[in-house]
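Presented below is the structure to which this report refers.
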Protein chains: 2
Amino acid sequence: MTDNDNTVDDVAARAAAAGRAFARTSPRERGAALVAVADALDAAGAELIAVAMRETGLGEARLAGELRRTTWQLRLFADTIVDGSYLDARIDLPDPDYVIGPRPDVRRMLEPVGPVLNFAASNFPFAFSVAGGDSAAALAAGCPVVVKAHSGHPELSRRTAGIVAGALRDAGMPDGVFQLVSGQENGTALLRDERIRAGAFTGSTHVGRMLADIAASRPTPIPFYGELGSVNPVYATYADAALLDGFVASVSGSAGQLCTKPGFLFVPEESDLSPVADAAGAVPEHRLLNPGIGRAFVQRREDVLEADDVTVLSRGEVRVDDAGQTYATPTVVAVDVDTLIAHREALLEESFGPLSVIVRYADRAALPELHASLFPGNLTSTVQARPEELADGSLSALVDALAETSGRVLFGGWPTGVAVTPAMQHGGPYPATTTDATSVGTAGITRFLRGVAYQNAPQELLPAPLRDDNPWEVPQRRSEPGGSTSWGSFAR
Amino acid sequence: MTDNDNTVDDVAARAAAAGRAFARTSPRERGAALVAVADALDAAGAELIAVAMRETGLGEARLAGELRRTTWQLRLFADTIVDGSYLDARIDLPDPDYVIGPRPDVRRMLEPVGPVLNFAASNFPFAFSVAGGDSAAALAAGCPVVVKAHSGHPELSRRTAGIVAGALRDAGMPDGVFQLVSGQENGTALLRDERIRAGAFTGSTHVGRMLADIAASRPTPIPFYGELGSVNPVYATYADAALLDGFVASVSGSAGQLCTKPGFLFVPEESDLSPVADAAGAVPEHRLLNPGIGRAFVQRREDVLEADDVTVLSRGEVRVDDAGQTYATPTVVAVDVDTLIAHREALLEESFGPLSVIVRYADRAALPELHASLFPGNLTSTVQARPEELADGSLSALVDALAETSGRVLFGGWPTGVAVTPAMQHGGPYPATTTDATSVGTAGITRFLRGVAYQNAPQELLPAPLRDDNPWEVPQRRSEPGGSTSWGSFAR
């Protein structure tokens, strides 16, 4: 499984061979296997965290929290599949008197799409990597998973994959349901392989789009669920010291290397921004994930600092050590709206690292249109307003504009916390994601499922969720004969 | 709306401008508008059917049934949105003790994606055209619709669009929610327009793939839901005269111009196929939809008839009139499995028209693998077997292979009837559809929706389906604080 002598063809063949047997496992069996994976990762936690600290430069507390989140995620997906509502089981009973002609017995459920290729991210070495949300969702759906390891944490990837594959095997899951490959060439070769039926990715817009284009241009195109870039604008109706402190903390946490880092904070033009320098000055330097990300950050920071009409609130510091690793403290600048518009090419791009731009605005009523024109697709957008402003309806046009362009709209708080829950949406209009699907939370399981209908099937040949005896006790939505439609009752 | 002086830019601008107001209509208002459209189409039925007969060559009974199905479909979508379960409303109540850290109030629902461009089909001038399933689903979802008319029935398209737009306007829907354009250039220009947020299509693999590639290669890619090609194999364990009669009827209905026409019927090699000639000989000639489809059919028929080792069971006849319209009776040939494999390039392609291939097989146990190798993606596949064979489990490997490669698996009956119901799946692995989504039945509405989460939002700013007072009375899935997960209870 972690054997690099395996060719891409071997890997694809093993994944494909595992498909049917894995699809046939019951939610209870698959759920127990996911819990076993979570337990095994938790048991190896101290060792894994030590490797992750060395390979990524992230701190122990952050990594311990991330691992907890990762194993919780596996358990939550176990719960989701046992519940069975994700199958969307629908049963239309036969109806000889159906309005448009006799209706047969039709039963539909969601079934696994087949082998999934998951490109791991660098910035969450647990939660968006080998055993992360995409792997958890695909395994929960019943799809064999091949992870393309991120080069930023190779040893952690190998150890994690070994634990995951071992736990799945010990739990009785078929051989080949979980495999690891490394190297860009292997990743793209697999993405082109006809046996791979869906792709998932978390990373940069540039790489994500390249992979999405490969997936779309195959002889048999496949869905590609990429989470790419987001600048997560925040609109504040006031900016006091507490708010600015919270902003700096959100910008600098994990050295700003989060998809949901607020890249822009809009504040009233008269705001006193002096607390920013103090808050940013108190943040200790933090290593960036790897030399490549460090170099990109240094360049991006220079472009922003050198743009015309930019006021530097906190210059921050960058330092490169002998091993080529970059260490940084937060850089925060301020501009007015006209400057942002005039220099949108330089300023609007995502900065991956501890850098953010505060935008002073004069006219609150202009914010909805400004947002729509500047930010067509984001994972999140946030409103920071006083309770009476939230209650009086004056922000509803802004909220509409944010909802039309974002996957998640926050009221107060900061976007850098992403809860793993049934209602979470982590995915928004392009380029936030390549599709609008979520890559966090249990709703993400639908990415790896497709509908199959069975017409007039004998009970013996129906999948369990569609049978009348419903052995898995999943929710079944039944349409009775005689027509249960009620449209006549509300029309006109 | 049907004014050809409108530029593509005007059309896109009007659709975009209608987006927010239309998204804000309540399901009850939108449902009533869909019912009003259905009523208006029914009221104009006689006139519309007369135009359709002239423009398509399809018969009155078939067209009357199709119109009934089309208006039923609109009413069924009205019912679907008023029910509200399609919104998938999820409410996670805040939980300060959530395992992985305090959980905020997170509420998620599905919201319209924005303007949808629907490329109409030629073969169903009502059900897959201007007021067809894709338009109904998108309007039900709350998305403005632009239909690119099919050139095969221009007058019917204009009249239908006038009725639809008028009924929507009279029902109080915003200006610009429904528009018609014609011409391939206008269609592709709109597909490239950033204001169009999703595409839908029913037609040939060649054109569908070209449009899907345009949608995927935009600066901002959009989902493209194309229903392309399908040959709908049928596997019979026996072939008596009644079965062969049913087969010929399914092949020749609507002159074989249905996406679900059975293109291949597999029968035991010893079967007596003599009833085919009689059944096919009794079918009167039928006009093909338009001269282009007629020419393609004539060519395809010649290729099949001239392939080596093909036994002609019914040669059929083709005739071209002075206006260039083609009239045909059914052509049916027989081959053995080896011949089909040897001439797969010539034989496996979809034949749009009254033509099908019967394949004699020697080894029933070899059918699952044969199917998987020949037919990777189809709308339907069918098993015709005696009750005792269905009950004894001997067909389960075949059924698995069919379910892995098809959107709908039938047991008995013929695939050319597609019920419009909650459980229908009309979409399967490529090239049946560009995605696995369904274009028939109420599950198709999810194509035009995307998830949006609201975090810690005040009640006043939440969409109605997510509010505690739930004014639309939609199903809300609530996660209570304190953790309702039950994984501990079933694991190990």
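A note on labels: chains of the structure tokens are A, B, ... as shown, every chain counts residues from 1, and ligands are counted from 1 in their shown order.
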May I have the residues of chain A within 7 Å of chain B, counting only C-alpha atoms, written as a PyMOL selection string?
-> chain A and resi 32+35+68-69+75+78-79+90-92+100+103+106-108+216+220+390-391+396+403+407-411+419+422-425+430+436+450-458+460-461+485-487+491-492
Take the residues that were just selected and, keeping N, CA and C atoms, output them as a tab-separated table (two decimals), in the first residue's frame.
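So the final result, stored in out27.tsv, reads:
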```tsv
chain	number	residue	atom	x	y	z
A	32	ALA	N	-18.18	0.78	11.59
A	32	ALA	CA	-17.27	0.22	12.59
A	32	ALA	C	-15.83	0.31	12.11
A	35	VAL	N	-14.60	3.86	12.64
A	35	VAL	CA	-14.31	4.09	14.06
A	35	VAL	C	-12.99	3.41	14.44
A	68	ARG	N	-7.60	15.51	16.70
A	68	ARG	CA	-8.87	15.24	17.38
A	68	ARG	C	-10.04	15.47	16.42
A	69	ARG	N	-9.91	16.56	15.68
A	69	ARG	CA	-10.93	16.90	14.71
A	69	ARG	C	-11.02	15.82	13.61
A	75	ARG	N	-15.58	9.45	12.96
A	75	ARG	CA	-16.68	8.92	13.77
A	75	ARG	C	-18.02	9.52	13.34
A	78	ALA	N	-19.17	7.77	10.35
A	78	ALA	CA	-19.71	6.45	10.74
A	78	ALA	C	-21.16	6.60	11.17
A	79	ASP	N	-21.40	7.61	11.99
A	79	ASP	CA	-22.74	7.89	12.47
A	79	ASP	C	-23.69	8.21	11.30
A	90	ARG	N	-35.82	6.16	-1.98
A	90	ARG	CA	-37.15	6.56	-2.43
A	90	ARG	C	-37.84	5.36	-3.04
A	91	ILE	N	-39.05	5.13	-2.66
A	91	ILE	CA	-39.81	3.99	-3.18
A	91	ILE	C	-41.13	4.50	-3.74
A	92	ASP	N	-41.29	4.37	-5.06
A	92	ASP	CA	-42.58	4.68	-5.70
A	92	ASP	C	-43.30	3.36	-5.88
A	100	ILE	N	-50.29	9.99	-15.73
A	100	ILE	CA	-49.72	9.96	-17.07
A	100	ILE	C	-49.48	8.55	-17.56
A	103	ARG	N	-47.92	3.46	-13.49
A	103	ARG	CA	-46.59	3.68	-12.93
A	103	ARG	C	-46.05	2.36	-12.42
A	106	VAL	N	-40.83	1.70	-8.79
A	106	VAL	CA	-39.51	2.30	-9.03
A	106	VAL	C	-38.90	2.64	-7.67
A	107	ARG	N	-37.66	2.20	-7.48
A	107	ARG	CA	-36.98	2.44	-6.20
A	107	ARG	C	-35.59	2.97	-6.49
A	108	ARG	N	-35.24	4.03	-5.80
A	108	ARG	CA	-33.97	4.71	-6.10
A	108	ARG	C	-33.20	4.97	-4.83
A	216	ALA	N	-11.85	16.93	-16.58
A	216	ALA	CA	-12.92	17.28	-17.52
A	216	ALA	C	-12.60	16.87	-18.95
A	220	THR	N	-13.62	9.80	-20.77
A	220	THR	CA	-14.77	9.72	-19.86
A	220	THR	C	-14.53	10.74	-18.74
A	390	LEU	N	-27.97	44.35	13.31
A	390	LEU	CA	-28.38	43.04	12.77
A	390	LEU	C	-29.90	42.91	12.81
A	391	ALA	N	-30.51	43.55	13.80
A	391	ALA	CA	-31.96	43.38	13.99
A	391	ALA	C	-32.79	44.32	13.12
A	396	SER	N	-29.66	43.61	5.14
A	396	SER	CA	-30.15	42.46	4.38
A	396	SER	C	-29.64	42.43	2.94
A	403	ALA	N	-24.43	35.78	0.53
A	403	ALA	CA	-24.95	34.42	0.35
A	403	ALA	C	-24.86	33.99	-1.12
A	407	GLY	N	-20.01	30.14	0.39
A	407	GLY	CA	-20.56	28.92	0.93
A	407	GLY	C	-21.07	29.08	2.35
A	408	ARG	N	-20.44	29.98	3.11
A	408	ARG	CA	-20.82	30.17	4.51
A	408	ARG	C	-20.81	31.65	4.82
A	409	VAL	N	-21.85	32.12	5.45
A	409	VAL	CA	-21.96	33.53	5.85
A	409	VAL	C	-21.96	33.58	7.37
A	410	LEU	N	-21.00	34.31	7.95
A	410	LEU	CA	-20.88	34.38	9.40
A	410	LEU	C	-21.37	35.71	9.93
A	411	PHE	N	-21.91	35.66	11.12
A	411	PHE	CA	-22.36	36.87	11.81
A	411	PHE	C	-21.59	36.94	13.12
A	419	ALA	N	-16.49	24.30	11.80
A	419	ALA	CA	-17.04	23.21	12.59
A	419	ALA	C	-17.29	22.00	11.70
A	422	PRO	N	-23.21	18.39	10.70
A	422	PRO	CA	-24.09	18.12	9.56
A	422	PRO	C	-24.40	19.36	8.72
A	423	ALA	N	-24.47	20.54	9.33
A	423	ALA	CA	-24.90	21.73	8.60
A	423	ALA	C	-23.74	22.54	8.02
A	424	MET	N	-22.51	22.09	8.20
A	424	MET	CA	-21.41	22.89	7.68
A	424	MET	C	-21.39	22.88	6.15
A	425	GLN	N	-21.03	24.03	5.56
A	425	GLN	CA	-20.80	24.14	4.12
A	425	GLN	C	-19.42	24.75	3.94
A	430	TYR	N	-16.94	29.17	-7.66
A	430	TYR	CA	-15.56	29.18	-8.15
A	430	TYR	C	-14.96	30.57	-7.97
A	436	ASP	N	-19.88	23.50	-6.30
A	436	ASP	CA	-20.37	24.14	-5.09
A	436	ASP	C	-20.44	23.17	-3.91
A	450	ARG	N	-24.01	8.31	-6.49
A	450	ARG	CA	-24.83	8.58	-7.67
A	450	ARG	C	-26.13	7.81	-7.54
A	451	GLY	N	-27.19	8.31	-8.16
A	451	GLY	CA	-28.48	7.67	-8.07
A	451	GLY	C	-28.60	6.46	-8.98
A	452	VAL	N	-29.19	5.40	-8.47
A	452	VAL	CA	-29.52	4.23	-9.30
A	452	VAL	C	-30.97	3.85	-8.98
A	453	ALA	N	-31.77	3.66	-10.04
A	453	ALA	CA	-33.16	3.26	-9.86
A	453	ALA	C	-33.34	1.81	-10.29
A	454	TYR	N	-34.21	1.12	-9.58
A	454	TYR	CA	-34.54	-0.27	-9.89
A	454	TYR	C	-36.03	-0.32	-10.20
A	455	GLN	N	-36.37	-0.84	-11.38
A	455	GLN	CA	-37.76	-0.83	-11.81
A	455	GLN	C	-38.32	-2.25	-11.79
A	456	ASN	N	-39.41	-2.43	-11.05
A	456	ASN	CA	-40.08	-3.74	-10.94
A	456	ASN	C	-39.13	-4.86	-10.53
A	457	ALA	N	-38.19	-4.54	-9.65
A	457	ALA	CA	-37.22	-5.54	-9.22
A	457	ALA	C	-37.83	-6.47	-8.18
A	458	PRO	N	-37.49	-7.77	-8.27
A	458	PRO	CA	-37.91	-8.67	-7.19
A	458	PRO	C	-37.17	-8.30	-5.91
A	460	GLU	N	-35.63	-10.00	-3.85
A	460	GLU	CA	-34.36	-10.71	-3.68
A	460	GLU	C	-33.19	-9.98	-4.34
A	461	LEU	N	-33.46	-9.21	-5.39
A	461	LEU	CA	-32.37	-8.58	-6.13
A	461	LEU	C	-32.22	-7.10	-5.81
A	485	THR	N	-49.95	13.61	-4.38
A	485	THR	CA	-49.59	14.99	-4.67
A	485	THR	C	-50.71	15.93	-4.26
A	486	SER	N	-50.30	17.08	-3.81
A	486	SER	CA	-51.25	17.99	-3.20
A	486	SER	C	-51.30	19.32	-3.92
A	487	TRP	N	-50.74	19.39	-5.15
A	487	TRP	CA	-50.61	20.68	-5.80
A	487	TRP	C	-51.95	21.37	-5.98
A	491	ALA	N	-52.74	25.67	-5.28
A	491	ALA	CA	-52.62	26.51	-6.48
A	491	ALA	C	-53.76	27.52	-6.52
A	492	ARG	N	-53.41	28.74	-6.85
A	492	ARG	CA	-54.37	29.84	-7.01
A	492	ARG	C	-55.37	30.00	-5.87
```
Helix (DSSP H, G or I) positions in region 1-31 of chain A, given as a ChimeraX atom specification | /A:8-24,27-31
Deliver the residues from the most recent selection as a file, using N, CA and C atoms, as an mmCIF file, in the first residue's frame.
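Okay, part14.cif is ready:
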```
data_model
loop_
_atom_site.group_PDB
_atom_site.id
_atom_site.type_symbol
_atom_site.label_atom_id
_atom_site.label_comp_id
_atom_site.auth_asym_id
_atom_site.auth_seq_id
_atom_site.Cartn_x
_atom_site.Cartn_y
_atom_site.Cartn_z
ATOM 1 N N VAL A 8 1.207 2.715 -11.209
ATOM 2 C CA VAL A 8 -0.101 3.353 -11.249
ATOM 3 C C VAL A 8 -1.163 2.360 -11.710
ATOM 4 N N ASP A 9 -0.797 1.527 -12.657
ATOM 5 C CA ASP A 9 -1.754 0.538 -13.148
ATOM 6 C C ASP A 9 -2.140 -0.449 -12.050
ATOM 7 N N ASP A 10 -1.136 -0.887 -11.267
ATOM 8 C CA ASP A 10 -1.441 -1.778 -10.137
ATOM 9 C C ASP A 10 -2.410 -1.114 -9.162
ATOM 10 N N VAL A 11 -2.131 0.131 -8.841
ATOM 11 C CA VAL A 11 -2.949 0.846 -7.857
ATOM 12 C C VAL A 11 -4.383 0.973 -8.354
ATOM 13 N N ALA A 12 -4.537 1.379 -9.599
ATOM 14 C CA ALA A 12 -5.886 1.531 -10.152
ATOM 15 C C ALA A 12 -6.602 0.190 -10.212
ATOM 16 N N ALA A 13 -5.862 -0.844 -10.569
ATOM 17 C CA ALA A 13 -6.479 -2.174 -10.664
ATOM 18 C C ALA A 13 -6.944 -2.653 -9.292
ATOM 19 N N ARG A 14 -6.122 -2.432 -8.261
ATOM 20 C CA ARG A 14 -6.522 -2.853 -6.914
ATOM 21 C C ARG A 14 -7.738 -2.070 -6.438
ATOM 22 N N ALA A 15 -7.741 -0.775 -6.693
ATOM 23 C CA ALA A 15 -8.885 0.044 -6.267
ATOM 24 C C ALA A 15 -10.152 -0.446 -6.958
ATOM 25 N N ALA A 16 -10.053 -0.675 -8.266
ATOM 26 C CA ALA A 16 -11.230 -1.105 -9.018
ATOM 27 C C ALA A 16 -11.712 -2.472 -8.532
ATOM 28 N N ALA A 17 -10.751 -3.350 -8.254
ATOM 29 C CA ALA A 17 -11.127 -4.706 -7.823
ATOM 30 C C ALA A 17 -11.837 -4.688 -6.476
ATOM 31 N N ALA A 18 -11.511 -3.699 -5.643
ATOM 32 C CA ALA A 18 -12.132 -3.624 -4.316
ATOM 33 C C ALA A 18 -13.536 -3.032 -4.359
ATOM 34 N N GLY A 19 -13.872 -2.394 -5.475
ATOM 35 C CA GLY A 19 -15.082 -1.583 -5.535
ATOM 36 C C GLY A 19 -16.365 -2.303 -5.166
ATOM 37 N N ARG A 20 -16.635 -3.428 -5.821
ATOM 38 C CA ARG A 20 -17.937 -4.053 -5.604
ATOM 39 C C ARG A 20 -18.069 -4.612 -4.185
ATOM 40 N N ALA A 21 -17.026 -5.277 -3.712
ATOM 41 C CA ALA A 21 -17.105 -5.856 -2.361
ATOM 42 C C ALA A 21 -17.270 -4.748 -1.318
ATOM 43 N N PHE A 22 -16.580 -3.622 -1.522
ATOM 44 C CA PHE A 22 -16.681 -2.526 -0.558
ATOM 45 C C PHE A 22 -18.068 -1.892 -0.618
ATOM 46 N N ALA A 23 -18.590 -1.740 -1.817
ATOM 47 C CA ALA A 23 -19.929 -1.163 -1.967
ATOM 48 C C ALA A 23 -20.982 -2.018 -1.275
ATOM 49 N N ARG A 24 -20.706 -3.318 -1.175
ATOM 50 C CA ARG A 24 -21.679 -4.238 -0.578
ATOM 51 C C ARG A 24 -21.613 -4.283 0.943
ATOM 52 N N PRO A 27 -23.651 -0.362 6.143
ATOM 53 C CA PRO A 27 -23.229 0.859 6.846
ATOM 54 C C PRO A 27 -22.654 0.543 8.226
ATOM 55 N N ARG A 28 -23.205 -0.456 8.887
ATOM 56 C CA ARG A 28 -22.729 -0.794 10.219
ATOM 57 C C ARG A 28 -21.295 -1.339 10.169
ATOM 58 N N GLU A 29 -21.035 -2.187 9.172
ATOM 59 C CA GLU A 29 -19.676 -2.707 9.015
ATOM 60 C C GLU A 29 -18.701 -1.586 8.641
ATOM 61 N N ARG A 30 -19.123 -0.767 7.701
ATOM 62 C CA ARG A 30 -18.239 0.313 7.236
ATOM 63 C C ARG A 30 -18.060 1.349 8.340
ATOM 64 N N GLY A 31 -19.131 1.624 9.080
ATOM 65 C CA GLY A 31 -19.034 2.566 10.197
ATOM 66 C C GLY A 31 -18.080 2.065 11.267
#
```
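CA of Leu244 (chain A) sits 6.7 Å away from CA of Pro275 (chain A).
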So how many Å separate CA of Thr25 (chain B) and CA of Ala40 (chain B), to one decimal?
-> 20.7 Å
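Take CA of Leu374 (chain B) and CA of Val440 (chain B): the distance between them is 25.4 Å.
Across B:Ser26, B:Thr329, B:Thr56, B:Ser356, the tightest approach to Ile81 (chain B) is made by B:Ser26 when counting only C-alpha atoms.
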What residues in region 20-221 of chain A get the DSSP label strand (DSSP E or B)? Please answer as a PyMOL selection string.
-> chain A and resi 89-92+95+103+106-112+116-119+145-148+178-181+198-202
Leu340 (chain B): which residues within 12 Å, counting only C-alpha atoms, same-chain residues fewer than 2 positions away excluded, as an NGL selection string?
-> :B and (264-266 or 304 or 307-311 or 333-338 or 342-349 or 357-361 or 370-371 or 373-374)
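Shortest atom-to-atom contact with Leu289 (chain B) among B:Ser151, B:Thr160, B:Ser230, B:Thr442: B:Ser151, counting only C-alpha atoms.
Each of A:Ala43, A:Ala277, A:Leu110, A:Ala198 was checked against Tyr86 (chain A) using only C-alpha atoms; the smallest atom-to-atom distance is that of A:Leu110.
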